[in-house]
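Okay, target-v3.cif is below, mmCIF, C-alpha atoms:
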```
data_start
#
loop_
_atom_site.group_PDB
_atom_site.id
_atom_site.type_symbol
_atom_site.label_atom_id
_atom_site.label_comp_id
_atom_site.auth_asym_id
_atom_site.auth_seq_id
_atom_site.Cartn_x
_atom_site.Cartn_y
_atom_site.Cartn_z
ATOM 1 C CA MET A 1 33.094 97.095 97.953
ATOM 2 C CA ARG A 2 36.465 95.686 98.905
ATOM 3 C CA THR A 3 37.347 93.011 96.349
ATOM 4 C CA SER A 4 40.613 91.240 97.079
ATOM 5 C CA ILE A 5 39.401 88.318 94.986
ATOM 6 C CA PHE A 6 42.595 86.330 94.974
ATOM 7 C CA VAL A 7 46.035 85.852 96.402
ATOM 8 C CA PHE A 8 48.883 84.914 94.109
ATOM 9 C CA CYS A 9 51.158 82.376 95.818
ATOM 10 C CA MET A 10 53.921 81.489 93.353
ATOM 11 C CA SER A 11 52.865 78.036 92.101
ATOM 12 C CA THR A 12 49.294 78.152 93.456
ATOM 13 C CA LEU A 13 46.478 80.569 92.685
ATOM 14 C CA VAL A 14 43.832 80.684 95.424
ATOM 15 C CA LEU A 15 40.607 82.332 94.318
ATOM 16 C CA ALA A 16 36.964 82.760 95.241
ATOM 17 C CA ALA A 17 34.829 80.688 92.887
ATOM 18 C CA CYS A 18 31.403 80.942 91.334
ATOM 19 C CA ASP A 19 29.818 79.649 88.137
ATOM 20 C CA GLY A 20 30.294 80.513 84.498
ATOM 21 C CA ALA A 21 31.618 83.328 82.328
ATOM 22 C CA SER A 22 30.382 85.257 79.355
ATOM 23 C CA SER A 23 31.928 87.126 76.462
ATOM 24 C CA ASP A 24 30.265 89.505 74.078
ATOM 25 C CA GLY A 25 32.963 89.037 71.417
ATOM 26 C CA GLY A 26 33.163 92.468 69.840
ATOM 27 C CA GLY A 27 35.462 93.855 67.182
ATOM 28 C CA GLU A 28 39.199 93.635 66.812
ATOM 29 C CA THR A 29 39.964 96.181 69.533
ATOM 30 C CA GLU A 30 36.930 95.739 71.783
ATOM 31 C CA ASN A 31 37.700 94.009 75.064
ATOM 32 C CA ALA A 32 35.581 90.876 75.321
ATOM 33 C CA TYR A 33 34.752 91.692 78.951
ATOM 34 C CA ALA A 34 33.697 95.328 78.613
ATOM 35 C CA PHE A 35 31.089 96.472 81.151
ATOM 36 C CA ASP A 36 29.110 99.589 82.092
ATOM 37 C CA THR A 37 28.744 99.454 85.880
ATOM 38 C CA TYR A 38 30.893 98.717 88.911
ATOM 39 C CA LEU A 39 28.704 95.800 89.979
ATOM 40 C CA GLN A 40 28.833 94.316 86.493
ATOM 41 C CA GLY A 41 32.610 94.705 86.513
ATOM 42 C CA GLY A 42 32.806 92.829 89.819
ATOM 43 C CA ALA A 43 30.474 90.105 88.567
ATOM 44 C CA ASN A 44 32.512 89.704 85.381
ATOM 45 C CA PHE A 45 35.693 89.496 87.470
ATOM 46 C CA VAL A 46 34.309 86.710 89.670
ATOM 47 C CA GLN A 47 32.715 84.821 86.781
ATOM 48 C CA LEU A 48 35.880 85.000 84.697
ATOM 49 C CA THR A 49 37.916 83.886 87.709
ATOM 50 C CA ALA A 50 35.626 80.893 88.233
ATOM 51 C CA ALA A 51 35.845 79.957 84.556
ATOM 52 C CA GLY A 52 39.613 79.690 84.936
ATOM 53 C CA LEU A 53 39.297 77.302 87.875
ATOM 54 C CA PRO A 54 37.571 74.147 86.652
ATOM 55 C CA GLY A 55 39.325 72.103 89.331
ATOM 56 C CA GLY A 56 38.097 74.128 92.303
ATOM 57 C CA ILE A 57 39.216 77.113 94.335
ATOM 58 C CA ALA A 58 42.907 76.147 94.399
ATOM 59 C CA THR A 59 44.429 75.540 90.976
ATOM 60 C CA PRO A 60 48.132 75.002 90.209
ATOM 61 C CA ALA A 61 49.699 77.315 87.670
ATOM 62 C CA THR A 62 50.146 75.941 84.147
ATOM 63 C CA ASP A 63 53.578 74.396 83.741
ATOM 64 C CA ARG A 64 55.904 76.380 81.484
ATOM 65 C CA SER A 65 56.327 73.326 79.231
ATOM 66 C CA ASP A 66 52.557 73.230 78.603
ATOM 67 C CA LEU A 67 52.398 76.748 77.140
ATOM 68 C CA PRO A 68 52.757 77.207 73.377
ATOM 69 C CA THR A 69 56.404 77.164 72.328
ATOM 70 C CA GLY A 70 56.048 80.035 69.882
ATOM 71 C CA GLY A 71 53.870 82.881 68.743
ATOM 72 C CA SER A 72 51.768 85.153 70.932
ATOM 73 C CA ALA A 73 48.233 85.405 72.287
ATOM 74 C CA VAL A 74 45.843 88.146 73.386
ATOM 75 C CA TYR A 75 44.106 87.870 76.753
ATOM 76 C CA ASP A 76 41.049 90.035 77.587
ATOM 77 C CA GLY A 77 39.689 90.463 81.070
ATOM 78 C CA VAL A 78 38.955 92.645 84.090
ATOM 79 C CA MET A 79 41.208 94.562 86.492
ATOM 80 C CA PHE A 80 40.444 95.661 90.058
ATOM 81 C CA VAL A 81 42.317 98.587 91.655
ATOM 82 C CA GLY A 82 41.645 99.835 95.184
ATOM 83 C CA LEU A 83 43.242 102.110 97.766
ATOM 84 C CA ASP A 84 44.346 100.022 100.747
ATOM 85 C CA ASP A 85 43.515 102.694 103.319
ATOM 86 C CA GLY A 86 40.160 101.500 104.676
ATOM 87 C CA SER A 87 38.215 103.873 102.414
ATOM 88 C CA ASP A 88 36.817 101.267 99.988
ATOM 89 C CA ASP A 89 37.842 103.647 97.200
ATOM 90 C CA ASP A 90 37.880 101.085 94.389
ATOM 91 C CA VAL A 91 37.492 100.852 90.616
ATOM 92 C CA PHE A 92 37.090 98.125 88.011
ATOM 93 C CA GLY A 93 38.441 98.380 84.475
ATOM 94 C CA THR A 94 39.036 96.222 81.434
ATOM 95 C CA VAL A 95 42.469 94.812 80.678
ATOM 96 C CA ARG A 96 44.069 93.453 77.523
ATOM 97 C CA MET A 97 47.295 91.470 77.786
ATOM 98 C CA THR A 98 49.609 90.141 75.083
ATOM 99 C CA ALA A 99 51.757 87.146 75.957
ATOM 100 C CA SER A 100 54.714 86.392 73.697
ATOM 101 C CA PHE A 101 55.526 82.742 74.232
ATOM 102 C CA SER A 102 58.564 82.799 71.975
ATOM 103 C CA GLY A 103 59.822 86.013 73.583
ATOM 104 C CA ASN A 104 58.926 84.994 77.162
ATOM 105 C CA SER A 105 57.218 88.339 77.750
ATOM 106 C CA LEU A 106 53.932 89.826 78.920
ATOM 107 C CA THR A 107 52.674 93.328 78.136
ATOM 108 C CA GLY A 108 49.296 95.016 78.289
ATOM 109 C CA SER A 109 47.118 97.926 79.304
ATOM 110 C CA ALA A 110 44.006 98.611 81.373
ATOM 111 C CA GLY A 111 41.368 101.340 81.086
ATOM 112 C CA SER A 112 37.610 102.041 80.913
ATOM 113 C CA PHE A 113 37.473 102.272 84.712
ATOM 114 C CA VAL A 114 34.208 102.585 86.676
ATOM 115 C CA ASN A 115 33.907 103.434 90.401
ATOM 116 C CA ASP A 116 31.314 102.147 92.885
ATOM 117 C CA ASP A 117 29.053 105.129 92.153
ATOM 118 C CA ASN A 118 28.844 103.768 88.601
ATOM 119 C CA GLU A 119 30.754 106.760 87.290
ATOM 120 C CA ALA A 120 33.217 106.339 84.453
ATOM 121 C CA VAL A 121 36.594 107.612 85.671
ATOM 122 C CA ASP A 122 39.804 108.492 83.887
ATOM 123 C CA GLY A 123 42.663 106.067 84.072
ATOM 124 C CA THR A 124 45.174 104.095 82.051
ATOM 125 C CA LEU A 125 47.622 101.542 83.393
ATOM 126 C CA THR A 126 50.409 99.967 81.368
ATOM 127 C CA ILE A 127 51.785 96.503 82.075
ATOM 128 C CA SER A 128 55.378 96.201 80.864
ATOM 129 C CA ASN A 129 58.625 94.290 81.319
ATOM 130 C CA GLY A 130 56.742 91.083 82.028
ATOM 131 C CA SER A 131 58.996 88.052 82.024
ATOM 132 C CA PHE A 132 58.825 84.449 83.201
ATOM 133 C CA LEU A 133 60.859 83.605 86.271
ATOM 134 C CA SER A 134 62.102 80.347 84.753
ATOM 135 C CA SER A 135 61.961 78.309 81.553
ATOM 136 C CA ILE A 136 60.922 75.268 83.602
ATOM 137 C CA GLY A 137 58.341 74.733 86.311
ATOM 138 C CA PRO A 138 55.199 76.857 86.879
ATOM 139 C CA ALA A 139 54.464 79.506 84.250
ATOM 140 C CA ILE A 140 54.789 82.488 86.572
ATOM 141 C CA GLY A 141 56.559 85.805 86.333
ATOM 142 C CA THR A 142 56.629 89.471 87.285
ATOM 143 C CA ALA A 143 55.675 92.655 85.430
ATOM 144 C CA ASP A 144 55.742 96.402 86.087
ATOM 145 C CA VAL A 145 52.409 98.236 86.314
ATOM 146 C CA ARG A 146 52.400 102.022 85.970
ATOM 147 C CA GLY A 147 49.963 104.787 85.122
ATOM 148 C CA ALA A 148 47.308 106.989 86.695
ATOM 149 C CA VAL A 149 43.795 106.260 87.939
ATOM 150 C CA GLU A 150 41.070 108.633 89.130
ATOM 151 C CA PHE A 151 39.760 107.644 92.570
ATOM 152 C CA LYS A 152 37.227 109.520 94.688
ATOM 153 C CA ALA A 153 40.211 110.840 96.629
ATOM 154 C CA GLY A 154 41.652 112.248 93.405
ATOM 155 C CA THR A 155 43.804 111.129 90.514
ATOM 156 C CA MET A 156 46.805 109.126 91.672
ATOM 157 C CA THR A 157 49.885 107.695 90.046
ATOM 158 C CA VAL A 158 49.914 103.926 90.448
ATOM 159 C CA ASP A 159 53.249 102.122 90.435
ATOM 160 C CA GLY A 160 54.210 98.593 91.411
ATOM 161 C CA GLU A 161 55.429 95.128 90.531
ATOM 162 C CA ALA A 162 52.804 92.453 89.940
ATOM 163 C CA ALA A 163 53.249 88.699 90.071
ATOM 164 C CA TYR A 164 51.405 86.820 87.328
ATOM 165 C CA GLY A 165 50.730 83.292 86.185
ATOM 166 C CA PHE A 166 48.722 81.162 83.788
ATOM 167 C CA THR A 167 46.180 78.427 84.500
ATOM 168 C CA GLY A 168 44.501 75.820 82.315
ATOM 169 C CA ASP A 169 45.953 72.923 80.354
ATOM 170 C CA SER A 170 47.802 75.252 77.996
ATOM 171 C CA GLY A 171 47.556 78.634 79.705
ATOM 172 C CA GLU A 172 44.001 79.637 78.726
ATOM 173 C CA TYR A 173 43.796 82.138 81.602
ATOM 174 C CA ASN A 174 46.196 84.780 82.898
ATOM 175 C CA PHE A 175 46.095 86.096 86.480
ATOM 176 C CA GLY A 176 48.108 88.835 88.155
ATOM 177 C CA ALA A 177 48.215 90.842 91.374
ATOM 178 C CA PHE A 178 50.248 93.123 93.590
ATOM 179 C CA ALA A 179 51.446 91.336 96.707
ATOM 180 C CA ASP A 180 51.115 93.282 99.976
ATOM 181 C CA GLY A 181 53.247 96.409 99.818
ATOM 182 C CA ASP A 182 54.310 95.883 96.187
ATOM 183 C CA GLY A 183 52.176 98.715 94.774
ATOM 184 C CA THR A 184 51.548 102.339 95.724
ATOM 185 C CA ALA A 185 49.188 105.126 94.696
ATOM 186 C CA GLN A 186 50.798 108.551 94.857
ATOM 187 C CA PRO A 187 48.484 111.582 95.200
ATOM 188 C CA SER A 188 49.621 114.919 93.802
ATOM 189 C CA ILE A 189 50.061 116.145 97.386
ATOM 190 C CA GLY A 190 50.791 113.886 100.336
ATOM 191 C CA SER A 191 52.295 110.515 101.082
ATOM 192 C CA PRO A 192 51.899 107.398 98.937
ATOM 193 C CA ILE A 193 49.116 104.955 99.790
ATOM 194 C CA ASP A 194 49.329 101.182 99.447
ATOM 195 C CA VAL A 195 47.178 100.027 96.534
ATOM 196 C CA GLU A 196 45.567 96.670 95.795
ATOM 197 C CA LEU A 197 45.532 95.536 92.173
ATOM 198 C CA SER A 198 44.561 92.276 90.533
ATOM 199 C CA TRP A 199 43.448 91.087 87.111
ATOM 200 C CA VAL A 200 42.111 88.008 85.410
ATOM 201 C CA ALA A 201 41.983 87.555 81.631
ATOM 202 C CA GLU A 202 41.029 84.859 79.121
ATOM 203 C CA ARG A 203 42.900 83.982 75.923
ATOM 204 C CA GLN A 204 40.957 85.097 72.847
#
```
Go through the file and emit its structure as structure tokens.
Amino acid sequence: MRTSIFVFCMSTLVLAACDGASSDGGGETENAYAFDTYLQGGANFVQLTAAGLPGGIATPATDRSDLPTGGSAVYDGVMFVGLDDGSDDDVFGTVRMTASFSGNSLTGSAGSFVNDDNEAVDGTLTISNGSFLSSIGPAIGTADVRGAVEFKAGTMTVDGEAAYGFTGDSGEYNFGAFADGDGTAQPSIGSPIDVELSWVAERQ
């Protein structure tokens, strides 16, 4: 199932919409959007995306001045990663982000990946060096994403730069994605493959 749910366009996030979102809460380290199957991961992704878009399918990014001026916040959500080679070799995983509003930074990690055969697969991705592009205007920025994910074609090193932004009156939701050509998956043998990656997460 090819799931390029959204395109990140600097000050505008354009997403597919549907109704509602759910969270099972959990303990201190449990991601609020954990899931057991690929289809459930996709449903959670779409539902969480829709929850972040109360105004419709095109929502402006939160303005930087509307984010908290200090402290930090944890965002839990879902990440999609897929090989952009026509194979529909895709996985969903959970993601946890930490935004430091005083430090103007974004970091995080993704794991607990499931493929479309509903098999749990190995993989950990780290989001690092996230920073806002400006102290004024839309709350958008870039971050490095690196790690390894097990696809049906084998375990590959994923590397790229994601654009990210916040939506909601005070940045309740965080979205990020690789733009075309900004991420690659490197097999142990052979040439790198373009990779699609996107996430959506809700402030806890």
Do you know which residues the PyMOL selection byres ((chain A and resi 171-182) around 7) returns on this file, as a PyMOL selection string?
chain A and resi 8+52+62+67+160-170+183+194+196-203
Give me, as number ranges by chain, all polymer residues having an atom no more than 10 Å from A:Ser135, counting all atoms listed in the file and skipping those fewer than 6 positions away in the same chain.
A: 63-65, 104
What would the selection look like, as a PDB file with C-alpha atoms, keeping the file's coordinate frame, if the PyMOL selection byres ((chain A and resi 148-154) around 12) were run on the coordinates I just shared?
```pdb
ATOM      1  CA  PHE A  80      40.444  95.661  90.058  1.00  0.00           C
ATOM      2  CA  VAL A  81      42.317  98.587  91.655  1.00  0.00           C
ATOM      3  CA  GLY A  82      41.645  99.835  95.184  1.00  0.00           C
ATOM      4  CA  LEU A  83      43.242 102.110  97.766  1.00  0.00           C
ATOM      5  CA  ASP A  85      43.515 102.694 103.319  1.00  0.00           C
ATOM      6  CA  SER A  87      38.215 103.873 102.414  1.00  0.00           C
ATOM      7  CA  ASP A  88      36.817 101.267  99.988  1.00  0.00           C
ATOM      8  CA  ASP A  89      37.842 103.647  97.200  1.00  0.00           C
ATOM      9  CA  ASP A  90      37.880 101.085  94.389  1.00  0.00           C
ATOM     10  CA  VAL A  91      37.492 100.852  90.616  1.00  0.00           C
ATOM     11  CA  PHE A  92      37.090  98.125  88.011  1.00  0.00           C
ATOM     12  CA  GLY A  93      38.441  98.380  84.475  1.00  0.00           C
ATOM     13  CA  SER A 109      47.118  97.926  79.304  1.00  0.00           C
ATOM     14  CA  ALA A 110      44.006  98.611  81.373  1.00  0.00           C
ATOM     15  CA  GLY A 111      41.368 101.340  81.086  1.00  0.00           C
ATOM     16  CA  SER A 112      37.610 102.041  80.913  1.00  0.00           C
ATOM     17  CA  PHE A 113      37.473 102.272  84.712  1.00  0.00           C
ATOM     18  CA  VAL A 114      34.208 102.585  86.676  1.00  0.00           C
ATOM     19  CA  ASN A 115      33.907 103.434  90.401  1.00  0.00           C
ATOM     20  CA  ASP A 116      31.314 102.147  92.885  1.00  0.00           C
ATOM     21  CA  ASP A 117      29.053 105.129  92.153  1.00  0.00           C
ATOM     22  CA  ASN A 118      28.844 103.768  88.601  1.00  0.00           C
ATOM     23  CA  GLU A 119      30.754 106.760  87.290  1.00  0.00           C
ATOM     24  CA  ALA A 120      33.217 106.339  84.453  1.00  0.00           C
ATOM     25  CA  VAL A 121      36.594 107.612  85.671  1.00  0.00           C
ATOM     26  CA  ASP A 122      39.804 108.492  83.887  1.00  0.00           C
ATOM     27  CA  GLY A 123      42.663 106.067  84.072  1.00  0.00           C
ATOM     28  CA  THR A 124      45.174 104.095  82.051  1.00  0.00           C
ATOM     29  CA  LEU A 125      47.622 101.542  83.393  1.00  0.00           C
ATOM     30  CA  THR A 126      50.409  99.967  81.368  1.00  0.00           C
ATOM     31  CA  VAL A 145      52.409  98.236  86.314  1.00  0.00           C
ATOM     32  CA  ARG A 146      52.400 102.022  85.970  1.00  0.00           C
ATOM     33  CA  GLY A 147      49.963 104.787  85.122  1.00  0.00           C
ATOM     34  CA  THR A 155      43.804 111.129  90.514  1.00  0.00           C
ATOM     35  CA  MET A 156      46.805 109.126  91.672  1.00  0.00           C
ATOM     36  CA  THR A 157      49.885 107.695  90.046  1.00  0.00           C
ATOM     37  CA  VAL A 158      49.914 103.926  90.448  1.00  0.00           C
ATOM     38  CA  ASP A 159      53.249 102.122  90.435  1.00  0.00           C
ATOM     39  CA  GLY A 160      54.210  98.593  91.411  1.00  0.00           C
ATOM     40  CA  THR A 184      51.548 102.339  95.724  1.00  0.00           C
ATOM     41  CA  ALA A 185      49.188 105.126  94.696  1.00  0.00           C
ATOM     42  CA  GLN A 186      50.798 108.551  94.857  1.00  0.00           C
ATOM     43  CA  PRO A 187      48.484 111.582  95.200  1.00  0.00           C
ATOM     44  CA  SER A 188      49.621 114.919  93.802  1.00  0.00           C
ATOM     45  CA  ILE A 189      50.061 116.145  97.386  1.00  0.00           C
ATOM     46  CA  GLY A 190      50.791 113.886 100.336  1.00  0.00           C
ATOM     47  CA  ILE A 193      49.116 104.955  99.790  1.00  0.00           C
ATOM     48  CA  VAL A 195      47.178 100.027  96.534  1.00  0.00           C
ATOM     49  CA  LEU A 197      45.532  95.536  92.173  1.00  0.00           C
TER      50      LEU A 197
END
```
Given the choices A:Glu30, A:Ala73, A:Val78, A:Pro68, which gets closest to A:Gln47 if the distance is worked out from only C-alpha atoms?
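Using only C-alpha atoms, the shortest distance to A:Gln47 belongs to A:Val78.
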Atom-to-atom span, atom CA of A:Phe101 and atom CA of A:Ile127, Å:
16.3 Å
A:Pro138, A:Met79, A:Ala51, A:Ser102 ranked by distance to A:Tyr38, top pick (using only C-alpha atoms):
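The answer is A:Met79, which sits nearest to A:Tyr38.
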For atom CA of A:Val46 and atom CA of A:Gly77, determine how far apart the two atoms are, in Å to one decimal place.
10.8 Å
Å distance separating atom CA of A:Thr94 from atom CA of A:Ser134, one decimal place:
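Atom-to-atom, atom CA of A:Thr94 and atom CA of A:Ser134 are spaced 28.2 Å apart.
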Rank A:Asn31, A:Ser128, A:Gly70, A:Ile140 by their smallest atom-to-atom distance to A:Arg96, using only C-alpha atoms, and report the top residue only.
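So, comparing all the options, the nearest one is A:Asn31.
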Hey, which of A:Asp84, A:Asp76, A:Pro192, A:Ala61 ends up closest to A:Gly141? Count only C-alpha atoms.
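Of the candidates, the smallest distance to A:Gly141 is held by A:Ala61.
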Around all of stretch 75-80 of chain A's listed atoms, make the axis-aligned box with 4 Å on each side and tell me centre and edge lengths in Å to one decimal, as JSON.
```
{"center_x": 41.5, "center_y": 91.8, "center_z": 83.4, "size_x": 13.2, "size_y": 15.8, "size_z": 21.3}
```
Using only C-alpha atoms, which of A:Gly130, A:Gln204, A:Leu106, A:Thr142 sits nearest A:Tyr75?
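That would be A:Gln204, the residue with the smallest distance to A:Tyr75.
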Some atoms are absent from stretch 93-105 of chain A, so rebuild N, CA, C and O atoms and return them as a CSV table (one decimal), in the frame of the given file.
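After the write, part_11.csv holds the following:
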```
chain,number,residue,atom,x,y,z
A,93,GLY,N,38.2,98.0,85.9
A,93,GLY,CA,38.4,98.4,84.5
A,93,GLY,C,38.7,97.1,83.6
A,93,GLY,O,38.7,96.0,84.1
A,94,THR,N,38.7,97.3,82.3
A,94,THR,CA,39.0,96.2,81.4
A,94,THR,C,40.5,96.2,81.2
A,94,THR,O,41.2,97.2,81.2
A,95,VAL,N,41.0,95.0,80.9
A,95,VAL,CA,42.5,94.8,80.7
A,95,VAL,C,42.7,93.9,79.4
A,95,VAL,O,41.9,93.0,79.2
A,96,ARG,N,43.7,94.3,78.7
A,96,ARG,CA,44.1,93.5,77.5
A,96,ARG,C,45.6,93.2,77.6
A,96,ARG,O,46.4,94.1,77.7
A,97,MET,N,45.9,91.9,77.7
A,97,MET,CA,47.3,91.5,77.8
A,97,MET,C,47.7,90.8,76.5
A,97,MET,O,46.9,90.2,75.8
A,98,THR,N,49.0,90.9,76.2
A,98,THR,CA,49.6,90.1,75.1
A,98,THR,C,50.8,89.3,75.6
A,98,THR,O,51.7,89.9,76.2
A,99,ALA,N,50.7,88.0,75.5
A,99,ALA,CA,51.8,87.1,76.0
A,99,ALA,C,52.5,86.7,74.7
A,99,ALA,O,52.0,86.2,73.8
A,100,SER,N,53.8,86.9,74.8
A,100,SER,CA,54.7,86.4,73.7
A,100,SER,C,55.4,85.1,74.2
A,100,SER,O,56.2,85.2,75.1
A,101,PHE,N,55.0,84.0,73.7
A,101,PHE,CA,55.5,82.7,74.2
A,101,PHE,C,56.9,82.5,73.7
A,101,PHE,O,57.8,82.0,74.4
A,102,SER,N,57.2,82.9,72.5
A,102,SER,CA,58.6,82.8,72.0
A,102,SER,C,59.5,83.8,72.6
A,102,SER,O,60.7,83.5,72.8
A,103,GLY,N,59.0,85.0,73.0
A,103,GLY,CA,59.8,86.0,73.6
A,103,GLY,C,59.8,86.0,75.1
A,103,GLY,O,60.4,86.9,75.7
A,104,ASN,N,59.0,85.1,75.7
A,104,ASN,CA,58.9,85.0,77.2
A,104,ASN,C,58.6,86.3,77.8
A,104,ASN,O,59.2,86.8,78.8
A,105,SER,N,57.6,87.0,77.2
A,105,SER,CA,57.2,88.3,77.8
A,105,SER,C,55.7,88.5,77.9
A,105,SER,O,54.9,87.8,77.3
```
